[in-house]
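Containing mmCIF, C-alpha atoms: run-v1.cif.
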data_model
#
loop_
_atom_site.label_atom_id
_atom_site.label_comp_id
_atom_site.auth_asym_id
_atom_site.auth_seq_id
_atom_site.Cartn_x
_atom_site.Cartn_y
_atom_site.Cartn_z
CA MET A 1 0.00 0.00 0.00
CA PRO A 2 1.44 3.43 -0.91
CA ILE A 3 2.71 5.55 1.96
CA ALA A 4 0.33 8.41 1.21
CA PRO A 5 -2.86 9.82 2.75
CA GLY A 6 -4.89 8.93 -0.32
CA ILE A 7 -7.41 10.56 -2.64
CA LEU A 8 -11.10 11.12 -1.80
CA GLN A 9 -13.78 10.93 -4.47
CA PHE A 10 -17.39 9.91 -5.09
CA SER A 11 -17.82 6.31 -6.20
CA GLN A 12 -19.71 7.33 -9.36
CA PRO A 13 -20.79 10.52 -11.15
CA ILE A 14 -24.59 10.06 -10.92
CA TYR A 15 -26.82 8.59 -8.20
CA ARG A 16 -30.55 7.97 -8.44
CA ILE A 17 -33.09 7.60 -5.63
CA THR A 18 -36.90 7.64 -5.56
CA GLU A 19 -39.00 10.01 -3.44
CA SER A 20 -39.80 7.03 -1.20
CA GLY A 21 -36.10 6.41 -0.53
CA GLU A 22 -35.52 3.42 -2.81
CA TRP A 23 -32.10 3.49 -4.44
CA LEU A 24 -32.09 2.93 -8.21
CA THR A 25 -28.28 2.97 -8.23
CA GLU A 26 -25.82 2.24 -5.46
CA ARG A 27 -26.00 4.53 -2.43
CA VAL A 28 -23.93 7.70 -2.36
CA GLN A 29 -20.49 6.88 -1.04
CA VAL A 30 -17.05 8.45 -0.92
CA LEU A 31 -13.95 6.35 -1.57
CA ARG A 32 -10.42 6.64 -0.21
CA THR A 33 -7.93 5.35 -2.78
CA ASP A 34 -4.21 5.44 -3.51
CA GLY A 35 -3.14 5.56 0.12
CA ALA A 36 -4.30 5.18 3.72
CA THR A 37 -1.70 6.95 5.87
CA GLY A 38 -3.00 9.23 8.62
CA ASN A 39 -6.41 10.50 9.64
CA VAL A 40 -8.42 12.23 6.92
CA SER A 41 -11.83 13.85 6.62
CA VAL A 42 -14.01 15.68 4.11
CA LYS A 43 -17.37 17.45 4.12
CA VAL A 44 -20.21 16.52 1.77
CA ASN A 45 -22.76 19.19 0.89
CA ALA A 46 -25.53 19.50 -1.64
CA LYS A 47 -26.42 22.42 -3.88
CA THR A 48 -29.94 22.11 -5.18
CA GLU A 49 -30.66 22.53 -8.85
CA THR A 50 -34.36 21.84 -9.31
CA ALA A 51 -34.84 20.03 -5.99
CA THR A 52 -35.79 22.19 -3.00
CA VAL A 53 -34.36 21.62 0.48
CA GLY A 54 -37.20 21.07 2.94
CA LYS A 55 -39.72 20.14 0.23
CA ASP A 56 -37.98 17.58 -1.96
CA ILE A 57 -34.99 16.58 0.15
CA GLU A 58 -33.67 17.13 3.64
CA LYS A 59 -30.52 19.23 4.03
CA ILE A 60 -27.29 17.36 3.23
CA SER A 61 -24.27 18.44 5.26
CA GLN A 62 -22.13 15.59 6.54
CA THR A 63 -18.49 15.14 7.56
CA LEU A 64 -16.91 11.81 6.69
CA THR A 65 -13.78 10.61 8.52
CA TRP A 66 -11.20 7.87 8.04
CA ALA A 67 -8.69 6.72 10.65
CA ASP A 68 -5.10 5.84 9.83
CA GLY A 69 -5.14 2.74 7.62
CA ASP A 70 -8.90 2.88 7.01
CA THR A 71 -10.00 2.62 3.35
CA THR A 72 -13.63 1.66 3.99
CA PRO A 73 -16.11 3.49 1.72
CA LYS A 74 -18.18 6.02 3.67
CA PHE A 75 -21.88 6.43 2.94
CA VAL A 76 -23.71 9.76 2.75
CA ASP A 77 -27.17 10.04 4.34
CA ILE A 78 -29.72 11.03 1.70
CA LYS A 79 -33.32 11.61 2.81
CA PRO A 80 -35.77 12.58 0.04
CA ILE A 81 -39.19 13.92 1.01
CA GLN A 82 -42.15 12.23 -0.64
CA ASP A 83 -45.11 14.42 -1.52
CA MET A 84 -48.37 14.00 -3.39
CA TYR A 85 -47.38 15.99 -6.47
CA ILE A 86 -46.30 14.85 -9.90
CA GLU A 87 -43.04 16.70 -10.53
CA GLY A 88 -40.81 14.52 -12.68
CA GLU A 89 -37.11 14.14 -11.94
CA GLU A 90 -35.41 16.67 -9.66
CA PHE A 91 -31.72 17.32 -9.32
CA ALA A 92 -29.08 18.32 -6.77
CA THR A 93 -25.28 18.56 -7.01
CA LEU A 94 -23.22 16.81 -4.34
CA SER A 95 -19.79 18.28 -3.63
CA LEU A 96 -16.72 17.60 -1.48
CA SER A 97 -15.14 20.42 0.52
CA GLY A 98 -13.03 21.14 3.61
CA ILE A 99 -10.74 18.18 3.03
CA LYS A 100 -8.17 17.43 5.74
CA GLY A 101 -5.19 15.09 5.49
CA ALA A 102 -5.84 13.83 1.96
CA LYS A 103 -6.24 15.07 -1.61
CA TYR A 104 -9.25 15.60 -3.84
CA ALA A 105 -9.78 13.66 -7.01
CA SER A 106 -9.90 15.71 -10.21
CA VAL A 107 -13.71 15.82 -10.02
CA LYS A 108 -15.18 16.77 -6.63
CA THR A 109 -18.89 16.64 -7.53
CA ALA A 110 -21.60 14.13 -8.36
CA GLN A 111 -25.23 14.53 -9.42
CA LEU A 112 -28.15 13.30 -7.35
CA VAL A 113 -31.37 12.54 -9.25
CA ILE A 114 -34.65 12.19 -7.32
CA SER A 115 -37.12 10.17 -9.38
CA GLU A 116 -40.79 9.38 -9.01
CA LYS A 117 -41.46 5.66 -9.15
CA VAL A 118 -45.13 5.19 -10.01
CA ASN A 119 -47.41 2.22 -10.44
CA VAL A 120 -50.89 2.05 -11.92
CA ALA A 121 -53.73 -0.06 -10.54
CA ILE A 122 -56.97 0.46 -12.48
CA GLN A 123 -60.09 -1.56 -11.90
CA ASN A 124 -61.75 -0.48 -15.13
CA PRO A 125 -59.23 -0.31 -17.99
CA SER A 126 -61.93 1.00 -20.37
CA ASP A 127 -62.04 4.32 -18.53
CA SER A 128 -60.33 7.02 -20.55
CA LEU A 129 -58.43 9.63 -18.59
CA ILE A 130 -56.25 12.65 -19.33
CA ILE A 131 -54.74 14.59 -16.45
CA LEU A 132 -53.15 18.01 -16.82
CA VAL A 133 -50.56 19.38 -14.45
CA HIS A 134 -48.87 22.74 -14.11
CA ASN A 135 -45.82 23.41 -16.32
CA GLU A 136 -43.42 25.44 -14.21
CA ASN A 137 -41.52 26.77 -17.23
CA GLN A 138 -44.67 27.83 -19.09
CA PRO A 139 -47.30 28.42 -16.38
CA HIS A 140 -50.01 29.33 -18.89
CA ILE A 141 -49.70 26.02 -20.73
CA PRO A 142 -50.71 22.78 -18.98
CA ILE A 143 -48.91 19.58 -19.91
CA GLY A 144 -50.37 16.11 -20.12
CA VAL A 145 -49.46 13.22 -17.85
CA LYS A 146 -49.72 9.76 -19.35
CA LEU A 147 -51.93 7.36 -17.48
CA SER A 148 -49.06 4.87 -17.38
CA ASP A 149 -47.00 7.40 -15.42
CA LEU A 150 -49.63 8.15 -12.79
CA LYS A 151 -50.24 6.33 -9.51
CA ARG A 152 -54.01 6.03 -9.61
CA PHE A 153 -56.56 3.70 -8.04
CA PHE A 154 -60.23 3.79 -8.99
CA ALA A 155 -62.50 3.50 -5.96
CA PRO A 156 -65.67 1.44 -6.52
CA THR A 157 -68.37 4.11 -6.19
CA THR A 158 -68.34 7.84 -5.46
CA GLY A 159 -64.93 8.82 -6.77
CA GLN A 160 -61.36 7.79 -7.29
CA MET A 161 -58.27 7.69 -5.15
CA LEU A 162 -55.17 9.45 -6.44
CA CYS A 163 -51.47 9.39 -5.54
CA THR A 164 -51.54 5.84 -4.21
CA ASP A 165 -48.60 4.01 -2.71
CA TYR A 166 -47.37 0.53 -3.58
CA SER A 167 -49.05 -1.58 -0.89
CA HIS A 168 -52.06 -2.50 -3.07
CA ASP A 169 -54.55 -1.59 -0.33
CA GLY A 170 -56.06 1.26 -2.31
CA ALA A 171 -54.72 3.97 -0.01
CA GLY A 172 -53.89 7.33 -1.51
CA LYS A 173 -53.24 10.95 -0.62
CA VAL A 174 -55.92 12.62 -2.75
CA TYR A 175 -59.55 11.77 -3.42
CA GLU A 176 -61.60 13.02 -6.36
CA PHE A 177 -65.37 12.91 -5.90
CA ASN A 178 -67.70 12.24 -8.82
CA VAL A 179 -70.47 14.81 -8.37
CA SER A 180 -72.64 16.63 -10.89
CA SER A 181 -73.92 19.28 -8.46
CA ALA A 182 -73.13 20.68 -5.01
CA THR A 183 -73.31 17.79 -2.57
CA GLU A 184 -73.02 17.47 1.20
CA ILE A 185 -71.27 14.26 2.18
CA GLU A 186 -71.19 12.85 5.69
CA LEU A 187 -67.89 11.22 6.58
CA ASN A 188 -66.64 9.35 9.62
CA ILE A 189 -62.94 10.16 10.02
CA GLN A 190 -61.09 7.34 11.79
CA VAL A 191 -57.40 7.44 12.76
CA SER A 192 -55.14 4.40 12.68
CA PRO A 193 -53.22 3.69 15.92
CA GLN A 194 -50.04 3.69 13.81
CA LEU A 195 -50.61 7.31 12.72
CA ASN A 196 -48.93 9.64 15.21
CA ILE A 197 -50.70 13.03 15.34
CA THR A 198 -49.89 15.94 17.62
CA PRO A 199 -52.90 16.62 19.92
CA GLY A 200 -54.84 19.83 19.39
CA ALA A 201 -58.04 21.43 18.11
CA ASN A 202 -56.70 21.64 14.53
CA SER A 203 -54.65 18.45 14.45
CA ILE A 204 -56.43 17.18 11.34
CA ILE A 205 -57.51 19.43 8.46
CA VAL A 206 -59.14 18.90 5.07
CA HIS A 207 -58.47 21.10 2.04
CA ARG A 208 -60.50 21.27 -1.15
CA TRP A 209 -59.00 21.89 -4.60
CA ASN A 210 -60.54 22.95 -7.89
CA GLN A 211 -57.90 21.04 -9.85
CA LEU A 212 -55.61 18.10 -9.32
CA PRO A 213 -53.35 19.01 -6.37
CA ASN A 214 -50.01 20.29 -7.57
CA TYR A 215 -46.70 21.49 -6.19
CA GLN A 216 -47.44 25.14 -6.98
CA GLN A 217 -50.63 24.99 -4.86
CA HIS A 218 -52.76 26.25 -7.75
CA GLY A 219 -56.45 25.58 -7.12
CA LYS A 220 -56.15 24.97 -3.39
CA GLU A 221 -58.60 26.78 -1.10
CA GLU A 222 -56.77 29.10 1.25
CA THR A 223 -58.66 27.94 4.33
CA ALA A 224 -59.22 24.34 5.38
CA ILE A 225 -62.87 23.35 5.05
CA ILE A 226 -62.68 20.95 8.01
CA LYS A 227 -60.66 21.05 11.25
CA LEU A 228 -60.61 18.19 13.76
CA THR A 229 -58.79 16.98 16.84
CA GLU A 230 -56.29 14.13 16.63
CA SER A 231 -59.11 11.63 17.28
CA GLY A 232 -61.06 12.40 14.09
CA GLY A 233 -64.86 12.20 14.16
CA GLN A 234 -68.03 12.81 12.16
CA VAL A 235 -67.97 15.65 9.63
CA ARG A 236 -70.07 17.03 6.80
CA LEU A 237 -68.10 17.84 3.68
CA ASN A 238 -69.41 20.07 0.89
CA VAL A 239 -68.08 19.19 -2.56
CA THR A 240 -69.01 20.70 -5.92
CA PRO A 241 -68.21 19.88 -9.55
CA GLU A 242 -65.53 22.59 -9.27
CA TYR A 243 -64.11 21.80 -5.81
CA LYS A 244 -64.14 18.03 -5.95
CA TRP A 245 -60.58 17.10 -4.92
CA ILE A 246 -59.62 16.78 -1.24
CA HIS A 247 -56.60 15.84 0.81
CA PHE A 248 -55.96 15.58 4.54
CA GLY A 249 -53.27 17.23 6.62
CA CYS A 250 -52.15 15.93 10.03
CA ARG A 251 -49.73 17.57 12.42
CA ASN A 252 -46.72 15.25 12.47
CA PRO A 253 -44.68 15.42 15.71
CA GLU A 254 -41.69 13.97 13.84
CA LYS A 255 -41.71 16.97 11.50
CA ASN A 256 -41.90 19.75 14.10
CA ASN A 257 -45.72 19.48 14.18
CA MET A 258 -45.97 20.65 10.58
CA TYR A 259 -48.91 19.38 8.56
CA ASP A 260 -48.03 16.16 6.74
CA VAL A 261 -50.24 14.54 4.10
CA PRO A 262 -51.20 10.97 5.13
CA PHE A 263 -52.33 8.03 3.04
CA PHE A 264 -55.99 7.21 3.60
CA THR A 265 -58.83 5.07 2.28
CA ILE A 266 -62.52 5.77 1.79
CA ASN A 267 -64.99 2.92 2.18
CA GLY A 268 -68.56 4.15 1.92
CA SER A 269 -68.75 7.04 4.40
CA THR A 270 -65.73 5.89 6.46
CA VAL A 271 -62.34 7.53 6.00
CA ASN A 272 -59.36 5.74 7.52
CA LEU A 273 -56.23 7.85 7.99
CA LEU A 274 -53.49 5.23 7.84
CA ARG A 275 -49.87 6.38 7.69
CA TYR A 276 -47.34 8.90 6.54
CA ASP A 277 -44.74 8.02 3.91
#
Using the file provided, produce a representation of the structure as structure tokens.
Amino acid sequence: MPIAPGILQFSQPIYRITESGEWLTERVQVLRTDGATGNVSVKVNAKTETATVGKDIEKISQTLTWADGDTTPKFVDIKPIQDMYIEGEEFATLSLSGIKGAKYASVKTAQLVISEKVNVAIQNPSDSLIILVHNENQPHIPIGVKLSDLKRFFAPTTGQMLCTDYSHDGAGKVYEFNVSSATEIELNIQVSPQLNITPGANSIIVHRWNQLPNYQQHGKEETAIIKLTESGGQVRLNVTPEYKWIHFGCRNPEKNNMYDVPFFTINGSTVNLLRYD
């Protein structure tokens, strides 16, 4: 082994991870090569490109250390944030800085790609559907989303569940009601024991939208139409042909009591709030 401190570098130029935290490539890691003499360290930071810290990914700022003789690859903690919006791929640049005791490789950066992995589960394949989402670059022009790229589950009666996960239980984050006129719907909101909600008068809220929920918040009513304690309960929900999309927000104690969007199911008049991501 060369008598040298070594060179620090990322293991590959591009890493890919889904919003749910599933790696599509190997995990981000930094290698120590061409030497192992002495103690060395380096900082790993991320500069966002299209990804937003706090919305798409948690802040990345980590110091990696190697002891004398240690050449073990060091992993970087990457924590994407899953939301209910269809955004496409998002990007961040990982970089090495503040090196001590070793040398940089010629390239000190790598790209992190956050992808949406979507599945489709449709009970009635004959249904024809086109969904339009906001185009950030041209806000006046909507763009189409192919059905094959959308996580969608058709509920059996009054509407359809959107933004489902992969557990095949029909749970989703958004529900679209099928109504032809203004309708008052009575719902029984039940909370799973596994869903941790901060206690309070407004622990659970319901928002209506006049279009498919989107990252830019276009079409979302400013004020929640329903506010409940952490225990849930009976509510009456007014939906119209215009405001027919809803999602729930629950104060999550693991996210500083900020509102987090849970997965839920609707069976008849019963809503079951199940889990966060």
With the file shown as input, list the residues that the PyMOL selection byres ((chain A and resi 277) around 7) selects, as a list in words.
Gln82, Arg275 and Tyr276 of chain A
Matched chain/residue IDs from the PyMOL selection byres ((chain A and resi 244-254) around 6), as a list in words
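So the PyMOL selection byres ((chain A and resi 244-254) around 6), applied here, picks out Val174, Tyr175, Glu176, Phe177, Ile197, Thr198, Ser203, Ile204, Ile205, Val206, His207, Arg208, Trp209, Val239, Thr240, Pro241, Glu242, Tyr243, Lys255, Asn256, Asn257, Met258, Tyr259, Asp260 and Val261 of chain A.
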Between CA of Leu195 (chain A) and CA of Ile226 (chain A), what is the distance, to one decimal in Å?
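Separating CA of Leu195 (chain A) from CA of Ile226 (chain A) is a distance of 18.8 Å.
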As an exercise, work out the distance from CA of Lys47 (chain A) to CA of Glu116 (chain A) in Å and give it to one decimal place.
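Interatomic distance, CA of Lys47 (chain A) to CA of Glu116 (chain A): 20.1 Å.
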Test item: the PyMOL selection byres ((chain A and resi 64-79) around 9) resolved as JSON, numbers by chain
{"A": [5, 6, 11, 17, 19, 20, 21, 27, 28, 29, 30, 31, 32, 33, 35, 36, 37, 38, 39, 40, 41, 42, 43, 44, 56, 57, 58, 59, 60, 61, 62, 63, 80, 81]}
